[in-house]
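All remarks here apply to the structure that follows.
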Amino acid sequence: MRSLARLAALSLALALPALAPARAASFSADYGIYLAGLPIGEADVASTIEGERYRLDVNARLTGLVGLFVNGRGAATSTGAVSNGRVVPASFAVTSRNSSESRTVRMGLQSGNVAGVEIVPPIESHEDRVPVADAHRRGIVDPVSALIMPMTAREALDPAQCARTIPIFDGASRFNVVLTYEGTKKVEKAGYKGEVLVCNARWVPISGHRPARAAVKFMAENRNMSVWLAPLEGTRVLAPLRIAVETMVGMSVVEASRWELSPTATASVRRPVRAKN
């Protein structure tokens with residue numbers, strides 16, 4: 001059951017939306033979390049942006065039978081700026097908990113380089129864990145800022161939009177998410193109707209992981225991961241409408257059921273709904 005809680009938190013981190021620094025705007029969305037076709041959780045996401053600066057907030061909880069046994073929930077926040085087509089995070093914090101444990105990670109960054117990390121309680125040390133070198137803490141984005149995707153081509157559905165490698169550091173491990181073009185697809189959701197880019201994804205571990213673990217080997221060899229990217233109207237960025245990741249216990253899917261982009265003068269935004277105990 002602990003693995004389900006971690007899976008939901010990871011999928012949620014991958015499913016955060018992105019905004020462009022062109023004007024003040026707010027974004028809010030509801031996502032469903034599914035495992036092997038069964039609903040296991042929900043998430044509320046809110047984003048604000050003014051000028052170059054952004055803030056992303058998310059709250060998530062497991063529901064149904066999984067939530068009954070695990071009581072998993074989490075919250076994450078990231079702040080930073082988008083400058084010259086580059087995402088530069090300034091702070092990242094995430095707290096996740098289930099019925100048996102809780103962990104908080106706080107990270108400060110300067111110009112895309114990690115300035116400090118606090119993890120409570122600390123990650124257990126193991127001799128087989130790949131050491132994180134100083135170079136692995138430079139030029140990175142945090143897991144929440146990872147999907148702020150400024151467009152790299154003129155057209156939103158250009159295959160070149162998928163051709164990117166995202167360097168991520170979560171406070172304990174460093175990895176890349178490598179996207180490649182698969183095709184396009186027509187979808188209709190509350191708040192969005194039209195075509196989306198379908199990008200294949202790969203997880204490439206760099207450091208902080210334990211190579212001999214079965215789950216690490218599975219994910220490193222996994223070729224069944226994808227993301228649907230949709231253009232946010234009035235911006236020059238793409239946002240994830242759907243994330244699908246094959247896991248050792250079935251297909252994990254995070255999919256938007258509603259999203260809303262609202263250009264505003266003050267960038268006021270609906271805050272995420274806190275899960276009730």
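Scheme for the structure tokens: letters A, B, ... for chains in order shown; per-chain residue numbers from 1; ligand numbers from 1 in order shown.
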
Discussion item. Which residues are close to stretch 177-190 of chain A, i.e. within 12 Å by only C-alpha atoms, leaving aside same-chain residues fewer than 4 positions away? Reply as a ChimeraX atom specification.
Written reply: /A:14,28-31,140-143,146-147,149,156-169,194-206,219-220,222-230,241-242,255-261

Item to complete: If you run DSSP over the backbone, which residues in stretch 36-249 of chain A end up alpha helix (DSSP H)? Put them as an MDAnalysis selection string.
Response: chainID A and resid 64:70 214:221

Write out the residues from the selection above, keeping all heavy atoms, as a tab-separated table (two decimals), in the first residue's frame.
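This went into result.tsv:
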```tsv
chain	number	residue	atom	x	y	z
A	64	GLY	N	-11.36	6.03	-2.13
A	64	GLY	CA	-11.86	4.67	-2.29
A	64	GLY	C	-11.20	3.71	-1.32
A	64	GLY	O	-10.77	4.07	-0.21
A	65	LEU	N	-11.08	2.45	-1.73
A	65	LEU	CA	-10.50	1.44	-0.86
A	65	LEU	C	-9.02	1.72	-0.57
A	65	LEU	O	-8.54	1.48	0.54
A	65	LEU	CB	-10.65	0.05	-1.50
A	65	LEU	CG	-12.06	-0.53	-1.53
A	65	LEU	CD1	-12.06	-1.86	-2.26
A	65	LEU	CD2	-12.58	-0.72	-0.10
A	66	VAL	N	-8.31	2.25	-1.58
A	66	VAL	CA	-6.91	2.57	-1.36
A	66	VAL	C	-6.78	3.63	-0.28
A	66	VAL	O	-5.97	3.52	0.64
A	66	VAL	CB	-6.25	3.05	-2.67
A	66	VAL	CG1	-4.83	3.54	-2.40
A	66	VAL	CG2	-6.23	1.92	-3.69
A	67	GLY	N	-7.60	4.68	-0.38
A	67	GLY	CA	-7.57	5.72	0.64
A	67	GLY	C	-7.97	5.23	2.00
A	67	GLY	O	-7.46	5.68	3.03
A	68	LEU	N	-8.89	4.26	2.05
A	68	LEU	CA	-9.34	3.70	3.32
A	68	LEU	C	-8.20	3.01	4.05
A	68	LEU	O	-8.04	3.15	5.27
A	68	LEU	CB	-10.48	2.71	3.06
A	68	LEU	CG	-11.07	2.02	4.29
A	68	LEU	CD1	-11.74	3.04	5.21
A	68	LEU	CD2	-12.09	0.95	3.86
A	69	PHE	N	-7.36	2.29	3.31
A	69	PHE	CA	-6.27	1.54	3.93
A	69	PHE	C	-4.99	2.37	4.08
A	69	PHE	O	-4.23	2.17	5.02
A	69	PHE	CB	-5.97	0.28	3.11
A	69	PHE	CG	-7.01	-0.78	3.23
A	69	PHE	CD1	-7.92	-1.01	2.21
A	69	PHE	CD2	-7.10	-1.55	4.38
A	69	PHE	CE1	-8.90	-1.99	2.33
A	69	PHE	CE2	-8.07	-2.54	4.50
A	69	PHE	CZ	-8.97	-2.77	3.48
A	70	VAL	N	-4.75	3.27	3.14
A	70	VAL	CA	-3.48	3.99	3.13
A	70	VAL	C	-3.60	5.40	3.70
A	70	VAL	O	-2.68	5.90	4.33
A	70	VAL	CB	-2.93	4.07	1.69
A	70	VAL	CG1	-1.63	4.84	1.64
A	70	VAL	CG2	-2.74	2.67	1.12
A	214	ALA	N	14.38	-3.73	-7.99
A	214	ALA	CA	13.54	-4.17	-9.10
A	214	ALA	C	12.75	-3.02	-9.71
A	214	ALA	O	12.61	-2.92	-10.93
A	214	ALA	CB	12.60	-5.28	-8.63
A	215	ALA	N	12.23	-2.13	-8.84
A	215	ALA	CA	11.42	-1.02	-9.35
A	215	ALA	C	12.26	-0.06	-10.18
A	215	ALA	O	11.78	0.47	-11.19
A	215	ALA	CB	10.78	-0.27	-8.18
A	216	VAL	N	13.51	0.16	-9.79
A	216	VAL	CA	14.40	1.05	-10.55
A	216	VAL	C	14.70	0.43	-11.91
A	216	VAL	O	14.65	1.12	-12.94
A	216	VAL	CB	15.69	1.31	-9.76
A	216	VAL	CG1	16.70	2.05	-10.63
A	216	VAL	CG2	15.40	2.10	-8.49
A	217	LYS	N	15.02	-0.86	-11.93
A	217	LYS	CA	15.28	-1.53	-13.20
A	217	LYS	C	14.06	-1.49	-14.11
A	217	LYS	O	14.17	-1.25	-15.32
A	217	LYS	CB	15.69	-2.98	-12.94
A	217	LYS	CG	17.05	-3.15	-12.29
A	217	LYS	CD	17.37	-4.63	-12.11
A	217	LYS	CE	18.75	-4.84	-11.52
A	217	LYS	NZ	19.07	-6.28	-11.36
A	218	PHE	N	12.89	-1.72	-13.53
A	218	PHE	CA	11.66	-1.71	-14.32
A	218	PHE	C	11.44	-0.35	-14.98
A	218	PHE	O	11.17	-0.25	-16.18
A	218	PHE	CB	10.48	-2.08	-13.44
A	218	PHE	CG	9.15	-2.05	-14.15
A	218	PHE	CD1	8.67	-3.18	-14.80
A	218	PHE	CD2	8.38	-0.90	-14.17
A	218	PHE	CE1	7.45	-3.16	-15.47
A	218	PHE	CE2	7.16	-0.86	-14.84
A	218	PHE	CZ	6.70	-2.00	-15.49
A	219	MET	N	11.57	0.72	-14.18
A	219	MET	CA	11.31	2.05	-14.71
A	219	MET	C	12.36	2.47	-15.73
A	219	MET	O	12.05	3.13	-16.73
A	219	MET	CB	11.24	3.06	-13.57
A	219	MET	CG	9.99	2.93	-12.70
A	219	MET	SD	8.46	3.14	-13.65
A	219	MET	CE	8.63	4.85	-14.16
A	220	ALA	N	13.61	2.10	-15.51
A	220	ALA	CA	14.68	2.46	-16.45
A	220	ALA	C	14.48	1.79	-17.80
A	220	ALA	O	14.88	2.33	-18.84
A	220	ALA	CB	16.03	2.10	-15.86
A	221	GLU	N	13.87	0.61	-17.79
A	221	GLU	CA	13.63	-0.13	-19.03
A	221	GLU	C	12.23	0.10	-19.60
A	221	GLU	O	11.89	-0.42	-20.67
A	221	GLU	CB	13.84	-1.63	-18.78
A	221	GLU	CG	15.27	-1.98	-18.35
A	221	GLU	CD	15.41	-3.43	-17.92
A	221	GLU	OE1	14.38	-4.15	-17.93
A	221	GLU	OE2	16.53	-3.83	-17.57
```

Item to complete: Please identify all polymer residues within 9 Å of A:Pro39, counting only C-alpha atoms, omitting same-chain residues fewer than 3 positions from it, and present them as a list of chain:residue names.
Response: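 So, after excluding close chain neighbours, the residues are A:Gly32, A:Ile33, A:Tyr34, A:Leu35, A:Ala36, A:Glu42, A:Leu62, A:Thr63, A:Gly64.
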
Item to complete: Kindly give the distance, in Å, that separates atom CA of A:Thr79 and atom CA of A:Val254, rounded to a single decimal.
Response: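 So the two atoms, atom CA of A:Thr79 and atom CA of A:Val254, lie 22.4 Å apart.
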
Practice prompt. Find the residues near stretch 94-107 of chain A: any atom within 6 Å, counting only C-alpha atoms, skip ones fewer than 6 places away on the same chain, and give them as a PyMOL selection string.
Written response: chain A and resi 70-76+116-121

Go ahead and write the selection's residues with N, CA, C and O atoms as a compact mmCIF listing (two decimals), in the first residue's frame.
```txt
# COMPACT_ATOMS: atom_id res chain seq x y z
N VAL A 70 -4.75 3.27 3.14
CA VAL A 70 -3.48 3.99 3.13
C VAL A 70 -3.60 5.40 3.70
O VAL A 70 -2.68 5.90 4.33
N ASN A 71 -4.74 6.06 3.49
CA ASN A 71 -4.94 7.44 3.91
C ASN A 71 -3.83 8.34 3.37
O ASN A 71 -3.28 9.18 4.08
N GLY A 72 -3.47 8.14 2.11
CA GLY A 72 -2.38 8.90 1.53
C GLY A 72 -2.83 10.26 1.03
O GLY A 72 -3.91 10.41 0.47
N ARG A 73 -1.99 11.26 1.26
CA ARG A 73 -2.26 12.61 0.78
C ARG A 73 -0.95 13.37 0.68
O ARG A 73 0.06 12.97 1.26
N GLY A 74 -0.96 14.46 -0.07
CA GLY A 74 0.26 15.23 -0.22
C GLY A 74 -0.03 16.63 -0.72
O GLY A 74 -1.11 16.91 -1.24
N ALA A 75 0.94 17.51 -0.53
CA ALA A 75 0.84 18.88 -0.99
C ALA A 75 2.21 19.33 -1.48
O ALA A 75 3.23 18.97 -0.87
N ALA A 76 2.24 20.10 -2.57
CA ALA A 76 3.51 20.56 -3.13
C ALA A 76 3.37 21.98 -3.62
O ALA A 76 2.30 22.40 -4.08
N GLY A 116 20.30 24.64 -1.25
CA GLY A 116 20.15 23.92 0.01
C GLY A 116 18.96 22.98 -0.03
O GLY A 116 17.98 23.24 -0.74
N VAL A 117 19.06 21.88 0.69
CA VAL A 117 17.99 20.87 0.75
C VAL A 117 17.80 20.44 2.20
O VAL A 117 18.77 20.21 2.93
N GLU A 118 16.54 20.32 2.61
CA GLU A 118 16.20 19.77 3.92
C GLU A 118 15.18 18.66 3.73
O GLU A 118 14.14 18.88 3.09
N ILE A 119 15.47 17.48 4.23
CA ILE A 119 14.55 16.34 4.14
C ILE A 119 14.29 15.81 5.55
O ILE A 119 15.23 15.45 6.27
N VAL A 120 13.02 15.79 5.96
CA VAL A 120 12.64 15.35 7.30
C VAL A 120 11.52 14.33 7.21
O VAL A 120 10.45 14.63 6.67
N PRO A 121 11.74 13.08 7.72
CA PRO A 121 13.01 12.56 8.22
C PRO A 121 13.97 12.29 7.05
O PRO A 121 13.53 12.17 5.91
```

Discussion item. When you count only C-alpha atoms, which of these residues is closest to A:Arg210: A:Ser125, A:Ser252, A:Thr247, A:Thr77?
Written reply: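 Between A:Ser125, A:Ser252, A:Thr247, A:Thr77, the residue approaching A:Arg210 most closely is A:Ser125.
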
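Nearest-residue note for A:Leu109: choosing from A:Pro231, A:Leu38, A:Arg129, A:Gly139, the minimum distance belongs to A:Gly139, counting only C-alpha atoms.
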
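In this model, the gap between atom CA of A:Arg53 and atom CA of A:Asp170 comes to 20.7 Å.
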
Practice prompt. Identify which of the residues A:Met251, A:Glu246, A:Glu127, A:Asn113 lies closest to A:Gly208, counting only C-alpha atoms when measuring atom-to-atom distances.
Written response: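 Nearest to A:Gly208: A:Glu127.
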
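Shortest atom-to-atom contact with A:His126 among A:Pro211, A:Gly250, A:Gly80, A:Gly85: A:Pro211, counting only C-alpha atoms.
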